[in-house]
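This is data_29.cif (mmCIF, C-alpha atoms).
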```cif
data_query
#
loop_
_atom_site.label_atom_id
_atom_site.label_comp_id
_atom_site.auth_asym_id
_atom_site.auth_seq_id
_atom_site.Cartn_x
_atom_site.Cartn_y
_atom_site.Cartn_z
CA MET W 1 153.03 89.76 104.07
CA LYS W 2 150.88 92.83 104.73
CA HIS W 3 150.48 93.26 100.97
CA VAL W 4 149.29 89.64 100.63
CA ILE W 5 146.80 90.04 103.48
CA LYS W 6 145.42 93.24 101.91
CA ASN W 7 144.90 91.42 98.61
CA ILE W 8 143.07 88.57 100.34
CA LEU W 9 140.82 90.98 102.22
CA ALA W 10 140.09 92.91 99.03
CA THR W 11 139.13 89.69 97.22
CA LEU W 12 136.84 88.63 100.06
CA ALA W 13 135.17 92.03 100.09
CA THR W 14 134.53 91.80 96.35
CA LEU W 15 132.99 88.36 96.70
CA LEU W 16 130.75 89.51 99.53
CA LEU W 17 129.53 92.48 97.53
CA ALA W 18 128.83 90.31 94.48
CA ALA W 19 126.69 87.86 96.47
CA PRO W 20 123.20 88.68 97.71
CA ALA W 21 123.14 90.06 101.24
CA VAL W 22 121.12 87.06 102.34
CA ALA W 23 120.64 84.07 100.04
CA ALA W 24 117.01 83.01 100.27
CA GLU W 25 114.85 80.11 99.08
CA VAL W 26 111.62 80.40 97.11
CA ASN W 27 108.95 77.76 96.59
CA VAL W 28 107.30 78.14 93.20
CA ALA W 29 104.07 76.57 91.93
CA VAL W 30 104.52 76.15 88.17
CA ALA W 31 101.93 75.18 85.55
CA ALA W 32 102.87 71.79 84.10
CA ASN W 33 103.18 73.11 80.53
CA PHE W 34 106.00 75.41 81.65
CA THR W 35 108.15 72.65 83.16
CA ALA W 36 111.02 72.62 80.64
CA PRO W 37 111.55 76.38 80.28
CA MET W 38 111.21 76.97 84.03
CA LYS W 39 113.92 74.43 84.79
CA GLN W 40 116.27 76.40 82.53
CA ILE W 41 115.21 79.75 83.92
CA ALA W 42 115.59 78.60 87.52
CA ALA W 43 119.07 77.20 86.87
CA ALA W 44 120.21 80.46 85.26
CA PHE W 45 118.64 82.51 88.06
CA GLU W 46 120.29 80.45 90.81
CA LYS W 47 123.67 80.80 89.12
CA GLU W 48 123.34 84.57 88.79
CA SER W 49 121.67 85.37 92.11
CA GLY W 50 122.84 82.78 94.61
CA HIS W 51 119.23 82.20 95.68
CA LYS W 52 117.65 78.74 95.83
CA VAL W 53 114.57 77.82 93.77
CA VAL W 54 112.29 74.88 94.67
CA LEU W 55 109.89 74.06 91.83
CA SER W 56 106.59 72.15 91.98
CA TYR W 57 104.70 71.33 88.78
CA GLY W 58 101.04 70.55 88.29
CA ALA W 59 97.59 71.68 87.19
CA SER W 60 96.87 75.36 87.77
CA GLY W 61 93.42 74.56 89.18
CA LYS W 62 94.90 72.31 91.85
CA PHE W 63 97.55 74.89 92.74
CA TYR W 64 94.85 77.53 93.12
CA ALA W 65 92.97 75.33 95.58
CA GLN W 66 96.17 74.51 97.48
CA ILE W 67 97.19 78.17 97.75
CA LYS W 68 93.70 79.05 99.03
CA ASN W 69 94.19 76.37 101.68
CA GLY W 70 97.57 77.72 102.82
CA ALA W 71 100.10 75.80 100.71
CA PRO W 72 103.63 77.17 101.35
CA PHE W 73 104.28 78.72 97.93
CA GLN W 74 105.64 82.23 97.50
CA LEU W 75 105.30 82.50 93.73
CA PHE W 76 102.66 81.15 91.33
CA LEU W 77 103.15 80.70 87.57
CA SER W 78 99.73 79.77 86.27
CA ALA W 79 98.70 78.40 82.89
CA ASP W 80 96.04 81.12 82.66
CA ASP W 81 95.33 84.65 83.87
CA GLU W 82 92.09 83.84 85.68
CA LYS W 83 93.42 82.03 88.73
CA PRO W 84 96.10 84.63 89.63
CA ALA W 85 93.43 87.33 89.17
CA GLN W 86 91.10 85.44 91.51
CA LEU W 87 93.86 85.12 94.09
CA GLU W 88 94.20 88.92 93.90
CA LYS W 89 90.50 89.25 94.70
CA ASP W 90 91.02 86.83 97.57
CA ALA W 91 93.72 89.16 98.95
CA LEU W 92 96.31 86.38 98.74
CA THR W 93 98.81 88.19 96.50
CA VAL W 94 101.06 91.22 96.61
CA PRO W 95 99.13 94.03 94.86
CA GLY W 96 100.54 95.06 91.48
CA SER W 97 102.80 92.01 91.12
CA ARG W 98 100.77 90.08 88.54
CA PHE W 99 101.89 90.08 84.89
CA THR W 100 101.73 87.86 81.79
CA TYR W 101 104.99 85.95 81.49
CA ALA W 102 104.02 83.89 78.42
CA ILE W 103 101.24 83.27 75.92
CA GLY W 104 100.93 79.57 75.26
CA SER W 105 100.35 77.69 72.01
CA LEU W 106 98.16 74.60 71.72
CA VAL W 107 99.18 71.74 69.42
CA LEU W 108 97.54 68.52 68.30
CA TRP W 109 100.36 66.00 68.45
CA SER W 110 101.03 62.32 67.79
CA ALA W 111 104.19 60.37 68.52
CA LYS W 112 103.66 58.74 65.10
CA ALA W 113 105.30 60.48 62.14
CA GLY W 114 102.79 61.47 59.45
CA PHE W 115 99.74 60.68 61.61
CA VAL W 116 98.64 64.29 62.25
CA ASP W 117 98.31 66.43 59.11
CA PRO W 118 99.29 70.15 59.05
CA LYS W 119 95.63 71.26 59.16
CA GLY W 120 94.33 68.88 61.81
CA ASP W 121 91.91 67.16 59.45
CA VAL W 122 92.70 63.87 61.20
CA LEU W 123 90.21 64.98 63.88
CA GLY W 124 87.28 64.76 61.47
CA LYS W 125 88.36 61.41 60.03
CA GLY W 126 88.23 59.73 63.43
CA ASN W 127 90.66 56.96 62.43
CA PHE W 128 92.07 56.67 65.94
CA GLY W 129 91.05 54.96 69.15
CA LYS W 130 91.84 57.59 71.78
CA ILE W 131 92.51 61.32 71.89
CA ALA W 132 94.07 62.82 75.01
CA LEU W 133 93.53 66.24 76.53
CA ALA W 134 94.06 67.82 79.93
CA ASN W 135 91.10 68.07 82.30
CA PRO W 136 89.34 71.25 81.07
CA LYS W 137 88.11 72.01 84.60
CA LEU W 138 91.66 72.17 85.94
CA ALA W 139 93.94 72.97 83.00
CA PRO W 140 93.59 75.91 80.56
CA TYR W 141 95.11 73.86 77.74
CA GLY W 142 92.34 71.32 78.20
CA SER W 143 89.73 74.06 78.11
CA ALA W 144 91.30 75.43 74.91
CA ALA W 145 91.18 71.95 73.35
CA ILE W 146 87.44 71.71 74.03
CA GLU W 147 86.97 75.12 72.40
CA VAL W 148 88.75 73.90 69.27
CA LEU W 149 86.67 70.73 69.02
CA THR W 150 83.49 72.70 69.64
CA LYS W 151 84.27 75.21 66.89
CA ARG W 152 84.94 72.33 64.52
CA GLY W 153 81.62 70.79 65.46
CA ILE W 154 83.08 67.45 66.54
CA VAL W 155 83.25 67.63 70.34
CA THR W 156 80.18 65.35 70.78
CA THR W 157 81.47 62.85 68.22
CA LEU W 158 84.88 62.60 69.86
CA THR W 159 83.77 62.60 73.51
CA PRO W 160 83.69 58.74 73.70
CA LYS W 161 87.31 58.66 72.51
CA MET W 162 88.63 61.21 75.01
CA VAL W 163 91.04 60.36 77.81
CA GLN W 164 91.79 63.15 80.26
CA GLY W 165 95.06 63.85 81.98
CA GLU W 166 95.05 65.54 85.36
CA ASN W 167 97.41 68.10 83.84
CA ILE W 168 99.20 68.70 80.56
CA SER W 169 102.21 66.60 81.61
CA GLN W 170 100.07 63.51 82.14
CA THR W 171 98.30 64.23 78.84
CA PHE W 172 101.64 64.30 77.07
CA GLN W 173 102.56 60.97 78.66
CA PHE W 174 99.37 59.39 77.33
CA VAL W 175 100.34 60.35 73.78
CA SER W 176 104.09 59.73 74.00
CA SER W 177 103.50 56.24 75.44
CA GLY W 178 101.02 55.35 72.70
CA ASN W 179 98.09 54.94 75.08
CA ALA W 180 96.41 57.61 72.96
CA GLU W 181 97.20 57.94 69.26
CA LEU W 182 97.07 61.72 69.45
CA GLY W 183 96.27 64.52 71.86
CA PHE W 184 96.20 68.22 72.56
CA VAL W 185 99.37 69.28 74.38
CA ALA W 186 101.41 72.44 74.83
CA LEU W 187 103.72 73.35 71.96
CA SER W 188 106.52 73.78 74.50
CA GLN W 189 106.39 70.04 75.22
CA VAL W 190 107.15 68.98 71.64
CA MET W 191 109.26 71.86 70.34
CA LYS W 192 113.05 71.86 70.28
CA ASP W 193 115.25 74.39 68.52
CA GLY W 194 112.25 76.03 66.89
CA LYS W 195 110.72 72.89 65.35
CA ILE W 196 108.65 69.83 66.31
CA SER W 197 111.16 67.43 67.83
CA ASN W 198 109.46 64.19 66.79
CA GLY W 199 106.19 62.67 65.64
CA SER W 200 103.67 64.80 63.75
CA ALA W 201 101.67 67.87 64.73
CA TRP W 202 99.16 70.57 63.90
CA ILE W 203 99.87 73.88 65.61
CA VAL W 204 96.37 75.13 66.39
CA PRO W 205 95.65 78.66 65.10
CA ASP W 206 95.12 81.12 67.96
CA VAL W 207 91.75 82.20 66.51
CA LEU W 208 90.25 78.80 67.39
CA HIS W 209 90.49 79.29 71.14
CA THR W 210 90.73 81.93 73.83
CA PRO W 211 94.33 83.22 74.15
CA ILE W 212 96.25 81.21 76.72
CA ARG W 213 97.66 84.11 78.73
CA GLN W 214 99.85 82.71 81.47
CA ASP W 215 100.23 85.01 84.46
CA ALA W 216 102.72 84.99 87.28
CA VAL W 217 102.02 86.57 90.65
CA LEU W 218 103.86 87.12 93.91
CA LEU W 219 101.83 85.54 96.69
CA ALA W 220 101.29 87.32 99.99
CA THR W 221 103.44 84.65 101.67
CA GLY W 222 106.36 85.81 99.50
CA LYS W 223 106.05 89.52 100.25
CA ASP W 224 109.23 89.63 102.33
CA ASN W 225 111.05 86.83 100.49
CA ALA W 226 114.05 88.26 98.62
CA ALA W 227 114.35 85.23 96.33
CA ALA W 228 110.67 85.39 95.34
CA ARG W 229 110.87 89.07 94.45
CA ALA W 230 114.13 88.61 92.56
CA LEU W 231 112.81 85.64 90.55
CA LEU W 232 109.64 87.53 89.61
CA THR W 233 111.81 90.34 88.26
CA TYR W 234 114.10 87.85 86.50
CA LEU W 235 111.14 86.42 84.57
CA LYS W 236 110.91 89.80 82.83
CA SER W 237 114.59 89.80 81.84
CA GLU W 238 115.83 89.25 78.30
CA THR W 239 117.59 86.08 79.42
CA ALA W 240 114.31 84.58 80.62
CA LYS W 241 112.35 85.83 77.60
CA LYS W 242 114.83 84.23 75.22
CA ILE W 243 114.34 80.87 76.94
CA ILE W 244 110.56 81.28 76.95
CA ARG W 245 110.44 82.07 73.21
CA SER W 246 112.67 79.09 72.40
CA TYR W 247 109.89 76.78 73.60
CA GLY W 248 107.28 78.27 71.25
CA TYR W 249 105.64 80.75 73.58
CA ASN W 250 104.83 84.31 72.63
CA ILE W 251 105.78 87.11 74.97
#
```

Could I get this structure in the form of structure tokens?
Amino acid sequence: MKHVIKNILATLATLLLAAPAVAAEVNVAVAANFTAPMKQIAAAFEKESGHKVVLSYGASGKFYAQIKNGAPFQLFLSADDEKPAQLEKDALTVPGSRFTYAIGSLVLWSAKAGFVDPKGDVLGKGNFGKIALANPKLAPYGSAAIEVLTKRGIVTTLTPKMVQGENISQTFQFVSSGNAELGFVALSQVMKDGKISNGSAWIVPDVLHTPIRQDAVLLATGKDNAAARALLTYLKSETAKKIIRSYGYNI
């Protein structure tokens, strides 16, 4: 009996050592374009760490405003590097915690097969009713889309045909539902297993827009949050990087 009790106690001790001293919960503001990979990363992190992750998705510009106004987030994964940098200047982050977790790719996509050609020449032809893009004032992918159209000299021509999504998720919905024949979305939204999952697309060359450097930062509210610190570190792990690359991001 004593031998059995010793074995039980040893097993319990091992389990206690394997688990985090105190399982914590972290609230994360995530740029809409990073929805799919972050769901995978969070699930893997929770399984490995025992911590709880609560994810909110939306436009980086709106999250910035909410964080400035005291929103209860501990971690911010932006769609650009400007807003996390500004939060640093505002003294709302943990110094030295900001880093680039992904570099995004912009794609012109249509749910219709064969509608978008591999060079994006469909833009100049104008044989479509609506083109969707994210609000350039709130979403970096929308700003990048305007840069592309400007460099091609067709932004003024296409302005009457533009429909703007509040964020990249809403923009994707406009195109996938057929409310817009094509639109600028994040490659991560239409890529699966290293290729475009459906429809037709033009992956926009990086030289046509400012690099979409997506930064993560630990907010001041998460300074003493074990889950927030652990998740920030986990984003730099090979497990997380593999997931990130599988959705078409560079890192």

Next item on the list: Check what the PyMOL selection byres ((chain W and resi 123-135) around 7) selects in the file above and give those residues as JSON, numbers by chain.
Entry: {"W": [120, 121, 122, 136, 137, 138, 139, 141, 142, 145, 161, 162, 163, 164, 165, 166, 167, 168, 171, 174, 175, 180, 181, 182, 183, 184, 185]}

Go ahead and write the selection's residues with C-alpha atoms as an mmCIF file, in the frame of the given file.
```cif
data_model
loop_
_atom_site.group_PDB
_atom_site.id
_atom_site.type_symbol
_atom_site.label_atom_id
_atom_site.label_comp_id
_atom_site.auth_asym_id
_atom_site.auth_seq_id
_atom_site.Cartn_x
_atom_site.Cartn_y
_atom_site.Cartn_z
ATOM 1 C CA GLY W 120 94.330 68.880 61.810
ATOM 2 C CA ASP W 121 91.910 67.160 59.450
ATOM 3 C CA VAL W 122 92.700 63.870 61.200
ATOM 4 C CA PRO W 136 89.340 71.250 81.070
ATOM 5 C CA LYS W 137 88.110 72.010 84.600
ATOM 6 C CA LEU W 138 91.660 72.170 85.940
ATOM 7 C CA ALA W 139 93.940 72.970 83.000
ATOM 8 C CA TYR W 141 95.110 73.860 77.740
ATOM 9 C CA GLY W 142 92.340 71.320 78.200
ATOM 10 C CA ALA W 145 91.180 71.950 73.350
ATOM 11 C CA LYS W 161 87.310 58.660 72.510
ATOM 12 C CA MET W 162 88.630 61.210 75.010
ATOM 13 C CA VAL W 163 91.040 60.360 77.810
ATOM 14 C CA GLN W 164 91.790 63.150 80.260
ATOM 15 C CA GLY W 165 95.060 63.850 81.980
ATOM 16 C CA GLU W 166 95.050 65.540 85.360
ATOM 17 C CA ASN W 167 97.410 68.100 83.840
ATOM 18 C CA ILE W 168 99.200 68.700 80.560
ATOM 19 C CA THR W 171 98.300 64.230 78.840
ATOM 20 C CA PHE W 174 99.370 59.390 77.330
ATOM 21 C CA VAL W 175 100.340 60.350 73.780
ATOM 22 C CA ALA W 180 96.410 57.610 72.960
ATOM 23 C CA GLU W 181 97.200 57.940 69.260
ATOM 24 C CA LEU W 182 97.070 61.720 69.450
ATOM 25 C CA GLY W 183 96.270 64.520 71.860
ATOM 26 C CA PHE W 184 96.200 68.220 72.560
ATOM 27 C CA VAL W 185 99.370 69.280 74.380
#
```

Notebook entry, point to check: Do you have the atom CA of W:Gly104-atom CA of W:Gln40 distance handy?
Noted result: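 Between these atoms lies a distance of 17.3 Å.
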
Checklist line | From W:Leu208, W:Gly199, W:Ser176, W:Ala31, residue lying nearest W:Gly153 [all atoms listed in the file] | finding: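 Under the stated criterion, the closest residue is W:Leu208.
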
Next item on the list: Starting from the displayed file, determine the output of the PyMOL selection byres ((chain W and resi 202) around 6) and express the residue list as a PyMOL selection string.
Entry: chain W and resi 107-108+118-120+201+203-204

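Rounded to one decimal, atom CA of W:Met191 and atom CA of W:Lys47 lie 25.3 Å from each other.
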
Note to self: With distances taken over only C-alpha atoms, which residue among W:Ala79, W:Ile196, W:Ala29, W:Ala65 lies nearest W:Ala111?
What the structure shows: W:Ile196

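Using all atoms listed in the file, the smallest distance between any of W:Ser60, W:Thr35, W:Asn27, W:Ser237 and W:Ser188 comes from W:Thr35.
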
Check: What is the distance, in Å and to one decimal place, between atom CA of W:Ile67 and atom CA of W:Arg213?
Finding: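 So the two atoms, atom CA of W:Ile67 and atom CA of W:Arg213, lie 19.9 Å apart.
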
Notebook entry, point to check: Which one is closest to W:Ala216: W:Ile243, W:Ala23, W:Leu235, W:Val53? Count all atoms listed in the file.
Noted result: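 With all atoms listed in the file as the atom set, the closest residue is W:Leu235.
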